[in-house]
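Asker: Sharing data-v7.pdb here; it has PDB, C-alpha atoms.
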```
ATOM      1  CA  MET U   1     114.066 141.370   9.745
ATOM      2  CA  GLU U   2     116.084 142.170  12.878
ATOM      3  CA  HIS U   3     114.597 145.685  12.934
ATOM      4  CA  LEU U   4     111.279 144.088  13.981
ATOM      5  CA  ILE U   5     112.689 142.955  17.341
ATOM      6  CA  GLY U   6     110.810 144.676  20.154
ATOM      7  CA  GLN U   7     107.688 145.421  18.113
ATOM      8  CA  LYS U   8     104.314 143.940  19.061
ATOM      9  CA  VAL U   9     102.104 142.040  16.606
ATOM     10  CA  LEU U  10      98.437 142.920  17.007
ATOM     11  CA  ALA U  11      97.047 139.910  15.146
ATOM     12  CA  ASP U  12      97.981 136.224  14.897
ATOM     13  CA  VAL U  13     100.726 135.548  12.373
ATOM     14  CA  ILE U  14      99.605 132.609  10.253
ATOM     15  CA  ASN U  15     101.718 130.667   7.771
ATOM     16  CA  LYS U  16     100.598 129.508   4.332
ATOM     17  CA  TYR U  17      99.160 126.297   5.843
ATOM     18  CA  GLY U  18      96.842 128.218   8.162
ATOM     19  CA  VAL U  19      98.884 127.499  11.287
ATOM     20  CA  THR U  20      99.390 130.273  13.846
ATOM     21  CA  ILE U  21     103.121 130.613  14.356
ATOM     22  CA  ILE U  22     103.069 133.772  16.499
ATOM     23  CA  PRO U  23     100.014 134.674  18.624
ATOM     24  CA  ALA U  24      98.533 138.162  18.715
ATOM     25  CA  LYS U  25      99.977 140.596  21.294
ATOM     26  CA  THR U  26     103.426 138.942  21.100
ATOM     27  CA  VAL U  27     106.459 141.198  21.400
ATOM     28  CA  LEU U  28     108.878 139.980  18.762
ATOM     29  CA  ASN U  29     112.286 138.677  19.854
ATOM     30  CA  GLU U  30     115.132 136.970  17.993
ATOM     31  CA  ASP U  31     113.372 133.594  17.975
ATOM     32  CA  SER U  32     110.074 134.920  16.673
ATOM     33  CA  VAL U  33     111.830 136.944  13.977
ATOM     34  CA  LYS U  34     113.594 133.740  12.883
ATOM     35  CA  LEU U  35     110.171 132.081  12.671
ATOM     36  CA  LEU U  36     108.981 134.848  10.403
ATOM     37  CA  TYR U  37     112.013 134.374   8.187
ATOM     38  CA  ASN U  38     111.773 130.580   8.099
ATOM     39  CA  HIS U  39     108.085 130.666   7.196
ATOM     40  CA  ARG U  40     108.721 133.321   4.564
ATOM     41  CA  ILE U  41     106.282 135.799   6.082
ATOM     42  CA  ASP U  42     106.217 139.103   4.212
ATOM     43  CA  GLU U  43     106.737 141.755   6.887
ATOM     44  CA  SER U  44     104.485 144.182   4.991
ATOM     45  CA  THR U  45     101.555 141.903   5.882
ATOM     46  CA  LEU U  46     102.181 142.084   9.642
ATOM     47  CA  ALA U  47      99.742 144.036  11.804
ATOM     48  CA  LEU U  48     102.171 145.818  14.144
ATOM     49  CA  GLU U  49     101.453 148.180  16.993
ATOM     50  CA  PRO U  50     102.388 151.663  15.783
ATOM     51  CA  LEU U  51     105.694 152.955  17.085
ATOM     52  CA  PRO U  52     105.702 156.399  18.733
ATOM     53  CA  ALA U  53     107.222 157.845  15.557
ATOM     54  CA  GLN U  54     104.432 156.292  13.482
ATOM     55  CA  ARG U  55     101.737 157.732  15.758
ATOM     56  CA  GLU U  56     103.423 161.102  15.484
ATOM     57  CA  ALA U  57     103.506 160.758  11.683
ATOM     58  CA  SER U  58      99.797 159.908  11.648
ATOM     59  CA  SER U  59      98.993 163.001  13.686
ATOM     60  CA  HIS U  60     101.170 165.087  11.369
ATOM     61  CA  ASN U  61      99.374 163.713   8.290
ATOM     62  CA  ARG U  62      95.951 164.566   9.680
ATOM     63  CA  LYS U  63      97.042 168.114  10.479
ATOM     64  CA  LEU U  64      98.700 168.489   7.077
ATOM     65  CA  LEU U  65      95.543 167.334   5.299
ATOM     66  CA  LYS U  66      93.360 169.753   7.252
ATOM     67  CA  GLN U  67      95.702 172.664   6.514
ATOM     68  CA  THR U  68      95.843 171.713   2.834
ATOM     69  CA  VAL U  69      92.054 171.496   2.520
ATOM     70  CA  THR U  70      91.677 174.900   4.196
ATOM     71  CA  ARG U  71      94.234 176.506   1.891
ATOM     72  CA  SER U  72      92.812 174.865  -1.233
ATOM     73  CA  LYS U  73      89.365 176.202  -0.316
ATOM     74  CA  GLU U  74      90.787 179.721  -0.132
ATOM     75  CA  LEU U  75      92.496 179.311  -3.508
ATOM     76  CA  PHE U  76      89.436 177.834  -5.209
ATOM     77  CA  GLU U  77      87.240 180.631  -3.881
ATOM     78  CA  SER U  78      89.685 183.152  -5.337
ATOM     79  CA  ILE U  79      89.167 181.490  -8.743
ATOM     80  CA  SER U  80      85.436 182.036  -8.390
ATOM     81  CA  ASP U  81      86.029 185.734  -7.770
ATOM     82  CA  SER U  82      88.775 186.424 -10.327
ATOM     83  CA  GLY U  83      88.454 183.686 -12.947
ATOM     84  CA  ARG U  84      92.233 183.188 -12.745
ATOM     85  CA  ILE U  85      94.037 180.014 -11.636
ATOM     86  CA  PRO U  86      96.585 180.714  -8.834
ATOM     87  CA  LEU U  87      98.892 178.109 -10.329
ATOM     88  CA  THR U  88     102.020 179.148  -8.439
ATOM     89  CA  ASN U  89     100.235 178.897  -5.077
ATOM     90  CA  ILE U  90      98.744 175.520  -5.963
ATOM     91  CA  ARG U  91     102.115 174.129  -7.027
ATOM     92  CA  GLN U  92     103.961 175.522  -4.019
ATOM     93  CA  GLU U  93     101.374 175.035  -1.266
ATOM     94  CA  ILE U  94      99.013 172.234  -2.312
ATOM     95  CA  LEU U  95     100.835 169.739  -4.533
ATOM     96  CA  PRO U  96     103.775 169.071  -2.158
ATOM     97  CA  ALA U  97     101.255 168.030   0.511
ATOM     98  CA  VAL U  98      99.361 165.851  -1.975
ATOM     99  CA  ARG U  99     102.575 164.087  -2.967
ATOM    100  CA  ASP U 100     103.709 163.738   0.650
ATOM    101  CA  LEU U 101     100.398 162.280   1.853
ATOM    102  CA  SER U 102     100.192 159.830  -1.073
ATOM    103  CA  GLY U 103     103.411 158.225   0.193
ATOM    104  CA  ASN U 104     101.846 157.015   3.472
ATOM    105  CA  PRO U 105     102.928 153.343   3.735
ATOM    106  CA  ASP U 106      99.762 152.421   5.686
ATOM    107  CA  LEU U 107      97.267 152.390   2.839
ATOM    108  CA  PHE U 108      94.149 152.051   4.964
ATOM    109  CA  GLU U 109      95.184 154.763   7.388
ATOM    110  CA  LEU U 110      95.709 156.974   4.323
ATOM    111  CA  PHE U 111      92.216 156.212   3.043
ATOM    112  CA  GLU U 112      90.737 156.946   6.473
ATOM    113  CA  ILE U 113      92.585 160.258   6.709
ATOM    114  CA  VAL U 114      91.422 161.467   3.279
ATOM    115  CA  LYS U 115      87.739 160.545   3.691
ATOM    116  CA  ALA U 116      85.597 163.654   3.422
ATOM    117  CA  LYS U 117      83.997 164.491   6.776
ATOM    118  CA  ASP U 118      83.113 168.185   7.013
ATOM    119  CA  ASP U 119      83.614 170.154   3.799
ATOM    120  CA  TYR U 120      83.032 167.572   1.084
ATOM    121  CA  THR U 121      83.771 169.622  -2.027
ATOM    122  CA  PHE U 122      87.259 170.690  -0.960
ATOM    123  CA  GLU U 123      88.159 167.523   0.957
ATOM    124  CA  HIS U 124      87.178 165.588  -2.162
ATOM    125  CA  ASN U 125      89.552 167.617  -4.353
ATOM    126  CA  ILE U 126      92.524 166.785  -2.129
ATOM    127  CA  GLY U 127      91.444 163.174  -1.533
ATOM    128  CA  VAL U 128      91.189 162.482  -5.263
ATOM    129  CA  GLY U 129      94.545 164.183  -5.835
ATOM    130  CA  ILE U 130      96.183 161.904  -3.264
ATOM    131  CA  ILE U 131      94.565 158.656  -4.462
ATOM    132  CA  ALA U 132      95.245 159.392  -8.136
ATOM    133  CA  THR U 133      98.884 160.167  -7.306
ATOM    134  CA  LEU U 134      99.111 156.845  -5.472
ATOM    135  CA  ILE U 135      97.721 154.993  -8.507
ATOM    136  CA  GLY U 136     100.128 156.832 -10.792
ATOM    137  CA  SER U 137     103.081 155.775  -8.636
ATOM    138  CA  TRP U 138     101.902 152.135  -8.828
ATOM    139  CA  MET U 139     101.826 152.528 -12.621
ATOM    140  CA  ASN U 140     105.459 153.694 -12.537
ATOM    141  CA  LEU U 141     104.709 156.975 -14.275
ATOM    142  CA  SER U 142     107.663 159.257 -14.835
ATOM    143  CA  GLU U 143     108.225 162.108 -12.408
ATOM    144  CA  GLU U 144     106.997 164.621 -14.991
ATOM    145  CA  GLU U 145     103.838 162.579 -15.673
ATOM    146  CA  LEU U 146     103.179 162.102 -11.970
ATOM    147  CA  SER U 147     103.436 165.854 -11.353
ATOM    148  CA  THR U 148     100.960 166.534 -14.156
ATOM    149  CA  LEU U 149      98.594 163.829 -12.876
ATOM    150  CA  SER U 150      98.712 165.210  -9.310
ATOM    151  CA  LEU U 151      97.817 168.684 -10.560
ATOM    152  CA  ALA U 152      95.082 167.382 -12.860
ATOM    153  CA  ALA U 153      93.519 165.235 -10.142
ATOM    154  CA  THR U 154      93.583 168.044  -7.579
ATOM    155  CA  LEU U 155      91.919 170.399 -10.091
ATOM    156  CA  HIS U 156      89.539 167.844 -11.623
ATOM    157  CA  ASP U 157      86.424 169.483 -10.103
ATOM    158  CA  ILE U 158      87.567 173.077 -10.524
ATOM    159  CA  GLY U 159      84.512 173.770 -12.682
ATOM    160  CA  LYS U 160      82.330 173.464  -9.596
ATOM    161  CA  VAL U 161      83.343 177.017  -8.658
ATOM    162  CA  LYS U 162      80.762 178.021 -11.291
ATOM    163  CA  VAL U 163      77.992 175.788  -9.907
ATOM    164  CA  PRO U 164      75.645 177.435  -7.361
ATOM    165  CA  SER U 165      76.696 176.522  -3.829
ATOM    166  CA  ALA U 166      73.060 175.841  -2.905
ATOM    167  CA  ILE U 167      73.123 172.909  -5.323
ATOM    168  CA  LEU U 168      76.606 171.676  -4.404
ATOM    169  CA  ASN U 169      75.803 171.717  -0.690
ATOM    170  CA  LYS U 170      72.232 170.440  -0.920
ATOM    171  CA  PRO U 171      71.757 167.903   1.906
ATOM    172  CA  GLY U 172      69.330 165.725  -0.051
ATOM    173  CA  LYS U 173      69.212 164.059  -3.456
ATOM    174  CA  LEU U 174      69.461 166.382  -6.456
ATOM    175  CA  THR U 175      66.551 166.798  -8.831
ATOM    176  CA  ASP U 176      67.116 165.906 -12.497
ATOM    177  CA  GLU U 177      67.380 169.608 -13.326
ATOM    178  CA  GLU U 178      69.921 170.211 -10.561
ATOM    179  CA  PHE U 179      71.994 167.231 -11.671
ATOM    180  CA  GLU U 180      72.112 168.601 -15.220
ATOM    181  CA  ILE U 181      73.532 171.840 -13.789
ATOM    182  CA  VAL U 182      76.160 169.944 -11.774
ATOM    183  CA  LYS U 183      77.201 167.955 -14.855
ATOM    184  CA  LYS U 184      78.222 171.214 -16.517
ATOM    185  CA  HIS U 185      81.173 171.482 -14.098
ATOM    186  CA  THR U 186      83.205 169.344 -16.501
ATOM    187  CA  VAL U 187      82.889 171.860 -19.338
ATOM    188  CA  TYR U 188      83.301 174.810 -16.969
ATOM    189  CA  GLY U 189      86.532 173.262 -15.662
ATOM    190  CA  TYR U 190      87.861 172.699 -19.161
ATOM    191  CA  GLU U 191      87.126 176.302 -20.131
ATOM    192  CA  LEU U 192      88.949 177.597 -17.042
ATOM    193  CA  LEU U 193      92.025 175.446 -17.635
ATOM    194  CA  LYS U 194      92.473 175.096 -21.408
ATOM    195  CA  ASP U 195      94.106 178.493 -21.952
ATOM    196  CA  ALA U 196      95.751 178.898 -18.543
ATOM    197  CA  ALA U 197      99.444 179.704 -18.943
ATOM    198  CA  GLY U 198     101.869 177.069 -17.698
ATOM    199  CA  ILE U 199      99.352 174.216 -17.471
ATOM    200  CA  ASN U 200      99.758 170.999 -19.464
ATOM    201  CA  PRO U 201      96.737 170.503 -21.795
ATOM    202  CA  ARG U 202      96.102 167.115 -20.159
ATOM    203  CA  VAL U 203      95.055 168.910 -16.961
ATOM    204  CA  ALA U 204      92.155 170.536 -18.824
ATOM    205  CA  LEU U 205      91.275 167.201 -20.430
ATOM    206  CA  VAL U 206      90.968 165.548 -17.004
ATOM    207  CA  ALA U 207      88.567 168.266 -15.858
ATOM    208  CA  LEU U 208      86.499 167.608 -18.989
ATOM    209  CA  GLN U 209      86.673 163.811 -19.114
ATOM    210  CA  HIS U 210      86.725 162.414 -15.560
ATOM    211  CA  HIS U 211      83.040 161.427 -15.812
ATOM    212  CA  GLU U 212      83.415 159.802 -19.228
ATOM    213  CA  ARG U 213      83.173 155.991 -19.346
ATOM    214  CA  GLU U 214      84.674 153.490 -21.775
ATOM    215  CA  ASP U 215      81.232 152.230 -22.853
ATOM    216  CA  GLY U 216      80.311 155.723 -24.066
ATOM    217  CA  ARG U 217      77.707 156.268 -21.339
ATOM    218  CA  GLY U 218      79.547 158.955 -19.412
ATOM    219  CA  TYR U 219      79.298 162.718 -19.717
ATOM    220  CA  PRO U 220      79.563 165.402 -21.026
ATOM    221  CA  TYR U 221      80.158 163.951 -24.507
ATOM    222  CA  GLY U 222      79.696 160.176 -24.200
ATOM    223  CA  LEU U 223      83.264 159.513 -25.342
ATOM    224  CA  GLU U 224      84.399 155.942 -25.864
ATOM    225  CA  LYS U 225      87.619 154.333 -24.654
ATOM    226  CA  SER U 226      89.947 155.422 -27.464
ATOM    227  CA  ARG U 227      89.165 159.099 -26.876
ATOM    228  CA  ILE U 228      89.573 159.151 -23.083
ATOM    229  CA  ASP U 229      92.974 160.313 -21.832
ATOM    230  CA  LEU U 230      94.818 157.891 -19.520
ATOM    231  CA  PHE U 231      94.967 160.498 -16.750
ATOM    232  CA  SER U 232      91.204 161.001 -17.017
ATOM    233  CA  ALA U 233      90.745 157.237 -16.567
ATOM    234  CA  ILE U 234      92.947 157.264 -13.450
ATOM    235  CA  VAL U 235      91.140 160.217 -11.921
ATOM    236  CA  ALA U 236      87.746 158.614 -12.646
ATOM    237  CA  ILE U 237      88.730 155.658 -10.454
ATOM    238  CA  ALA U 238      90.118 157.847  -7.659
ATOM    239  CA  ASP U 239      87.002 160.039  -7.864
ATOM    240  CA  ILE U 240      84.606 157.104  -7.442
ATOM    241  CA  PHE U 241      86.574 155.419  -4.664
ATOM    242  CA  HIS U 242      86.855 158.598  -2.608
ATOM    243  CA  ALA U 243      83.215 159.582  -3.135
ATOM    244  CA  MET U 244      81.887 156.146  -2.135
ATOM    245  CA  SER U 245      84.223 155.939   0.895
ATOM    246  CA  SER U 246      83.053 159.274   2.285
ATOM    247  CA  LYS U 247      79.973 160.005   4.359
ATOM    248  CA  ARG U 248      77.609 162.545   2.834
ATOM    249  CA  PRO U 249      74.691 164.419   4.420
ATOM    250  CA  TYR U 250      72.219 162.211   2.539
ATOM    251  CA  ARG U 251      73.960 158.825   2.841
ATOM    252  CA  GLU U 252      76.468 156.852   4.882
ATOM    253  CA  ALA U 253      79.842 155.792   3.511
ATOM    254  CA  THR U 254      79.509 152.656   1.371
ATOM    255  CA  PRO U 255      80.856 149.481   3.043
ATOM    256  CA  PHE U 256      84.302 148.440   1.816
ATOM    257  CA  HIS U 257      83.156 145.173   0.199
ATOM    258  CA  GLU U 258      80.464 146.979  -1.791
ATOM    259  CA  ILE U 259      82.867 149.612  -3.135
ATOM    260  CA  VAL U 260      85.305 146.937  -4.296
ATOM    261  CA  ALA U 261      82.580 144.730  -5.811
ATOM    262  CA  GLN U 262      80.826 147.595  -7.586
ATOM    263  CA  MET U 263      84.052 148.967  -9.036
ATOM    264  CA  ARG U 264      85.091 145.496 -10.198
ATOM    265  CA  GLN U 265      81.667 144.878 -11.757
ATOM    266  CA  GLY U 266      81.518 148.250 -13.477
ATOM    267  CA  LYS U 267      78.410 149.504 -11.690
ATOM    268  CA  PHE U 268      79.678 153.079 -12.087
ATOM    269  CA  GLY U 269      80.109 152.597 -15.836
ATOM    270  CA  ASP U 270      82.941 150.964 -17.713
ATOM    271  CA  LEU U 271      86.227 152.081 -16.139
ATOM    272  CA  ASN U 272      89.677 151.223 -17.490
ATOM    273  CA  PRO U 273      89.907 147.521 -16.490
ATOM    274  CA  GLN U 274      93.701 147.442 -16.198
ATOM    275  CA  ILE U 275      93.767 150.403 -13.797
ATOM    276  CA  VAL U 276      90.807 149.074 -11.798
ATOM    277  CA  SER U 277      92.562 145.708 -11.406
ATOM    278  CA  LEU U 278      95.848 147.336 -10.404
ATOM    279  CA  PHE U 279      94.127 149.527  -7.826
ATOM    280  CA  LEU U 280      91.869 146.877  -6.299
ATOM    281  CA  ASP U 281      94.480 144.097  -6.342
ATOM    282  CA  ASN U 282      96.950 146.316  -4.498
ATOM    283  CA  LEU U 283      94.255 147.163  -1.961
ATOM    284  CA  MET U 284      93.419 143.526  -1.353
ATOM    285  CA  LYS U 285      97.074 142.474  -1.047
ATOM    286  CA  LYS U 286      97.477 145.020   1.742
ATOM    287  CA  LEU U 287      94.603 143.354   3.595
ATOM    288  CA  LEU U 288      96.560 140.206   4.420
ATOM    289  CA  GLY U 289      97.133 140.152   8.175
ATOM    290  CA  ARG U 290      94.844 143.143   8.780
ATOM    291  CA  GLN U 291      92.045 143.388  11.311
ATOM    292  CA  VAL U 292      88.645 143.990   9.724
ATOM    293  CA  VAL U 293      85.043 144.381  10.815
ATOM    294  CA  LEU U 294      82.564 142.047   9.130
ATOM    295  CA  THR U 295      79.059 143.002   8.053
ATOM    296  CA  ASP U 296      77.638 141.006  10.988
ATOM    297  CA  GLY U 297      79.677 143.142  13.408
ATOM    298  CA  ARG U 298      82.367 140.580  14.258
ATOM    299  CA  ALA U 299      86.047 141.511  14.356
ATOM    300  CA  ALA U 300      88.257 139.262  12.227
ATOM    301  CA  GLU U 301      91.724 138.937  10.758
ATOM    302  CA  VAL U 302      92.406 138.369   7.057
ATOM    303  CA  VAL U 303      94.561 135.239   6.936
ATOM    304  CA  TYR U 304      94.500 134.173   3.273
ATOM    305  CA  LEU U 305      93.720 135.797  -0.069
ATOM    306  CA  ASN U 306      92.070 133.613  -2.680
ATOM    307  CA  PRO U 307      93.976 134.438  -5.899
ATOM    308  CA  HIS U 308      90.821 133.677  -7.903
ATOM    309  CA  ASN U 309      88.546 135.842  -5.748
ATOM    310  CA  MET U 310      90.617 138.352  -3.792
ATOM    311  CA  GLU U 311      87.551 140.307  -2.656
ATOM    312  CA  ALA U 312      86.370 137.321  -0.563
ATOM    313  CA  PRO U 313      89.357 136.178   1.540
ATOM    314  CA  LEU U 314      89.634 133.642   4.341
ATOM    315  CA  VAL U 315      89.287 135.386   7.698
ATOM    316  CA  LYS U 316      89.617 134.289  11.314
ATOM    317  CA  ALA U 317      87.028 135.517  13.821
ATOM    318  CA  GLY U 318      88.006 134.330  17.288
ATOM    319  CA  GLU U 319      88.851 130.668  16.762
ATOM    320  CA  GLN U 320      86.609 130.295  13.703
ATOM    321  CA  PHE U 321      87.906 130.390  10.134
ATOM    322  CA  ILE U 322      85.414 131.857   7.660
ATOM    323  CA  ASP U 323      85.760 131.570   3.886
ATOM    324  CA  LEU U 324      83.962 134.674   2.650
ATOM    325  CA  SER U 325      83.782 133.245  -0.864
ATOM    326  CA  LYS U 326      81.414 130.542   0.445
ATOM    327  CA  ILE U 327      79.357 132.595   2.929
ATOM    328  CA  ARG U 328      77.878 135.335   0.792
ATOM    329  CA  ASN U 329      75.802 136.978   3.527
ATOM    330  CA  VAL U 330      78.957 137.998   5.441
ATOM    331  CA  GLN U 331      81.574 140.308   3.927
ATOM    332  CA  ILE U 332      84.101 142.961   5.011
ATOM    333  CA  ARG U 333      82.353 146.142   6.132
ATOM    334  CA  GLU U 334      85.409 148.169   7.067
ATOM    335  CA  ILE U 335      89.120 147.960   7.804
ATOM    336  CA  ALA U 336      90.091 148.378  11.456
ATOM    337  CA  LEU U 337      92.902 150.838  12.073
ATOM    338  CA  VAL U 338      95.645 149.844  14.541
TER     339      VAL U 338
END
```
Could you render the structure from this file as structure tokens?
Answerer:
Amino acid sequence: MEHLIGQKVLADVINKYGVTIIPAKTVLNEDSVKLLYNHRIDESTLALEPLPAQREASSHNRKLLKQTVTRSKELFESISDSGRIPLTNIRQEILPAVRDLSGNPDLFELFEIVKAKDDYTFEHNIGVGIIATLIGSWMNLSEEELSTLSLAATLHDIGKVKVPSAILNKPGKLTDEEFEIVKKHTVYGYELLKDAAGINPRVALVALQHHEREDGRGYPYGLEKSRIDLFSAIVAIADIFHAMSSKRPYREATPFHEIVAQMRQGKFGDLNPQIVSLFLDNLMKKLLGRQVVLTDGRAAEVVYLNPHNMEAPLVKAGEQFIDLSKIRNVQIREIALV
């Protein structure tokens, strides 16, 4: 842990007994690093002030994402005009950025960077590609599988090039008739991809199946669990998380605690429970030691994760400890970025 010497902790470091061993704003020295070691503090849970190199990396990631979204928009619009998939361009110009961005060690900075803000349709394509790639890496997929998943996730909504832009960009809620038109993007995407040279058939399946649900209540065909490809199940989770995290013209971004609870409870339909658990558990583990904003507006630090209810941890707001599993009217609204 000697490499931590000279870095500043932004939040109190608390041991497993709830005792603060290093106060917030402390610059770590040899003695404090020994304390961390002796109390078996996992350094990945520390809230550290970003180093200049980390701030530079964050700026680079934001620029890279913006450039990638812009280029993907150009490529997708060319599909609309020609009906052909510019596969070489996508593999050479888009996928390397997707893979690079998915490796950001600060999970919550990554999620903030990929939230759609201006051009939802194309920001969503890249955001889902990045999040699905992250999930695939947590599942220890092979390099070949991960490459296929990244491509499939980035192209999952390709069928929307055949949906009228007036419907896709409508600022208000869609009518039932408009929603039926949007739902056809799954079949349109499959038709575009199924015979494209050099594309794994699973990429077309993801375009077709990413709105299917394991209870058979998804679309377009109401497939049940046994008929849904694993990659489609991964992309479904990435698709929902990114969509709910992003602000849209007709609604605000959903608070963090609601996204987690609704995904865990299956409000969006039955998702693959093993992948949901892997995704949400990894998210919650990264919360330990993080600064958060509660639904009542208070700033707090996550100090303990309840293994039986990870979505409702113990937090410290000022000098007050709050067990969110016992105070149901207060939850985590958002994660504060350092």
Asker: Take the PyMOL selection byres ((chain U and resi 176-184) around 9), apply it to the structure above, and return the hits as a PyMOL selection string.
Answerer: chain U and resi 159-160+162-164+167-168+174-175+185-189+211+219-220
Asker: Apply the PyMOL selection byres ((chain U and resi 293) around 8) to the file shown and report the selected residues as a ChimeraX atom specification.
Answerer: /U:291-292,294-295,297-300,332-336
Asker: Output C-alpha atoms for every residue in the selection just made, as an mmCIF file, in the frame of the given file.
Answerer:
```cif
data_model
loop_
_atom_site.group_PDB
_atom_site.id
_atom_site.type_symbol
_atom_site.label_atom_id
_atom_site.label_comp_id
_atom_site.auth_asym_id
_atom_site.auth_seq_id
_atom_site.Cartn_x
_atom_site.Cartn_y
_atom_site.Cartn_z
ATOM 1 C CA GLN U 291 92.045 143.388 11.311
ATOM 2 C CA VAL U 292 88.645 143.990 9.724
ATOM 3 C CA LEU U 294 82.564 142.047 9.130
ATOM 4 C CA THR U 295 79.059 143.002 8.053
ATOM 5 C CA GLY U 297 79.677 143.142 13.408
ATOM 6 C CA ARG U 298 82.367 140.580 14.258
ATOM 7 C CA ALA U 299 86.047 141.511 14.356
ATOM 8 C CA ALA U 300 88.257 139.262 12.227
ATOM 9 C CA ILE U 332 84.101 142.961 5.011
ATOM 10 C CA ARG U 333 82.353 146.142 6.132
ATOM 11 C CA GLU U 334 85.409 148.169 7.067
ATOM 12 C CA ILE U 335 89.120 147.960 7.804
ATOM 13 C CA ALA U 336 90.091 148.378 11.456
#
```
Asker: Can you give me, as a PDB file with C-alpha atoms, keeping the file's coordinate frame, the residues this file yields under the PyMOL selection byres ((chain U and resi 30-43) around 10)?
Answerer:
```
ATOM      1  CA  MET U   1     114.066 141.370   9.745  1.00  0.00           C
ATOM      2  CA  GLU U   2     116.084 142.170  12.878  1.00  0.00           C
ATOM      3  CA  HIS U   3     114.597 145.685  12.934  1.00  0.00           C
ATOM      4  CA  LEU U   4     111.279 144.088  13.981  1.00  0.00           C
ATOM      5  CA  ILE U   5     112.689 142.955  17.341  1.00  0.00           C
ATOM      6  CA  GLY U   6     110.810 144.676  20.154  1.00  0.00           C
ATOM      7  CA  VAL U  13     100.726 135.548  12.373  1.00  0.00           C
ATOM      8  CA  ILE U  14      99.605 132.609  10.253  1.00  0.00           C
ATOM      9  CA  ASN U  15     101.718 130.667   7.771  1.00  0.00           C
ATOM     10  CA  LYS U  16     100.598 129.508   4.332  1.00  0.00           C
ATOM     11  CA  ILE U  21     103.121 130.613  14.356  1.00  0.00           C
ATOM     12  CA  ILE U  22     103.069 133.772  16.499  1.00  0.00           C
ATOM     13  CA  THR U  26     103.426 138.942  21.100  1.00  0.00           C
ATOM     14  CA  VAL U  27     106.459 141.198  21.400  1.00  0.00           C
ATOM     15  CA  LEU U  28     108.878 139.980  18.762  1.00  0.00           C
ATOM     16  CA  ASN U  29     112.286 138.677  19.854  1.00  0.00           C
ATOM     17  CA  SER U  44     104.485 144.182   4.991  1.00  0.00           C
ATOM     18  CA  THR U  45     101.555 141.903   5.882  1.00  0.00           C
ATOM     19  CA  LEU U  46     102.181 142.084   9.642  1.00  0.00           C
ATOM     20  CA  ALA U  47      99.742 144.036  11.804  1.00  0.00           C
ATOM     21  CA  LEU U  48     102.171 145.818  14.144  1.00  0.00           C
ATOM     22  CA  LEU U 288      96.560 140.206   4.420  1.00  0.00           C
ATOM     23  CA  GLY U 289      97.133 140.152   8.175  1.00  0.00           C
TER      24      GLY U 289
END
```
Asker: Can you list, as a list in words, every protein, DNA or RNA residue that comes within 9 Å of stretch 270-286 of chain U when you count all atoms listed in the file, leaving out same-chain residues fewer than 6 positions away?
Answerer: Ser44, Thr45, Asp106, Leu107, Phe108, Ile135, Trp138, Met139, Glu212, Arg213, Glu214, Asp215, Gly216, Arg217, Gly218, Lys225, Leu230, Ala233, Ile234, Ala236, Ile237, Val260, Met263, Arg264, Leu305, Met310, Glu311 and Pro313 of chain U
Asker: Hey, can you spit out that residue selection with C-alpha atoms as an mmCIF file, keeping the file's coordinate frame?
Answerer:
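Dumped everything to again_38.cif:
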```cif
data_model
loop_
_atom_site.group_PDB
_atom_site.id
_atom_site.type_symbol
_atom_site.label_atom_id
_atom_site.label_comp_id
_atom_site.auth_asym_id
_atom_site.auth_seq_id
_atom_site.Cartn_x
_atom_site.Cartn_y
_atom_site.Cartn_z
ATOM 1 C CA SER U 44 104.485 144.182 4.991
ATOM 2 C CA THR U 45 101.555 141.903 5.882
ATOM 3 C CA ASP U 106 99.762 152.421 5.686
ATOM 4 C CA LEU U 107 97.267 152.390 2.839
ATOM 5 C CA PHE U 108 94.149 152.051 4.964
ATOM 6 C CA ILE U 135 97.721 154.993 -8.507
ATOM 7 C CA TRP U 138 101.902 152.135 -8.828
ATOM 8 C CA MET U 139 101.826 152.528 -12.621
ATOM 9 C CA GLU U 212 83.415 159.802 -19.228
ATOM 10 C CA ARG U 213 83.173 155.991 -19.346
ATOM 11 C CA GLU U 214 84.674 153.490 -21.775
ATOM 12 C CA ASP U 215 81.232 152.230 -22.853
ATOM 13 C CA GLY U 216 80.311 155.723 -24.066
ATOM 14 C CA ARG U 217 77.707 156.268 -21.339
ATOM 15 C CA GLY U 218 79.547 158.955 -19.412
ATOM 16 C CA LYS U 225 87.619 154.333 -24.654
ATOM 17 C CA LEU U 230 94.818 157.891 -19.520
ATOM 18 C CA ALA U 233 90.745 157.237 -16.567
ATOM 19 C CA ILE U 234 92.947 157.264 -13.450
ATOM 20 C CA ALA U 236 87.746 158.614 -12.646
ATOM 21 C CA ILE U 237 88.730 155.658 -10.454
ATOM 22 C CA VAL U 260 85.305 146.937 -4.296
ATOM 23 C CA MET U 263 84.052 148.967 -9.036
ATOM 24 C CA ARG U 264 85.091 145.496 -10.198
ATOM 25 C CA LEU U 305 93.720 135.797 -0.069
ATOM 26 C CA MET U 310 90.617 138.352 -3.792
ATOM 27 C CA GLU U 311 87.551 140.307 -2.656
ATOM 28 C CA PRO U 313 89.357 136.178 1.540
#
```
Asker: If we count all atoms listed in the file and set the cut-off at 9 Å, which residues sit around U:Ala312, ignoring sequence neighbours fewer than 3 positions away in its own chain? Please answer as a VMD selection string.
Answerer: chain U and resid 257 305 to 306 309 315 323 to 326 328 331 to 332
Asker: May I ask which of the residues U:Pro23, U:Pro96, U:Gly318, U:Gly127 is the closest one to U:Phe111, counting only C-alpha atoms?
Answerer: U:Gly127
Asker: Which residues are near U:Lys316? Cut-off 7 Å, all atoms listed in the file, ignore same chain within fewer than 5 positions. Put them as a list in words.
Answerer: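 In the requested form, the answer reads Ala300, Glu301, Val302, Val303, Phe321 and Ile322 of chain U.
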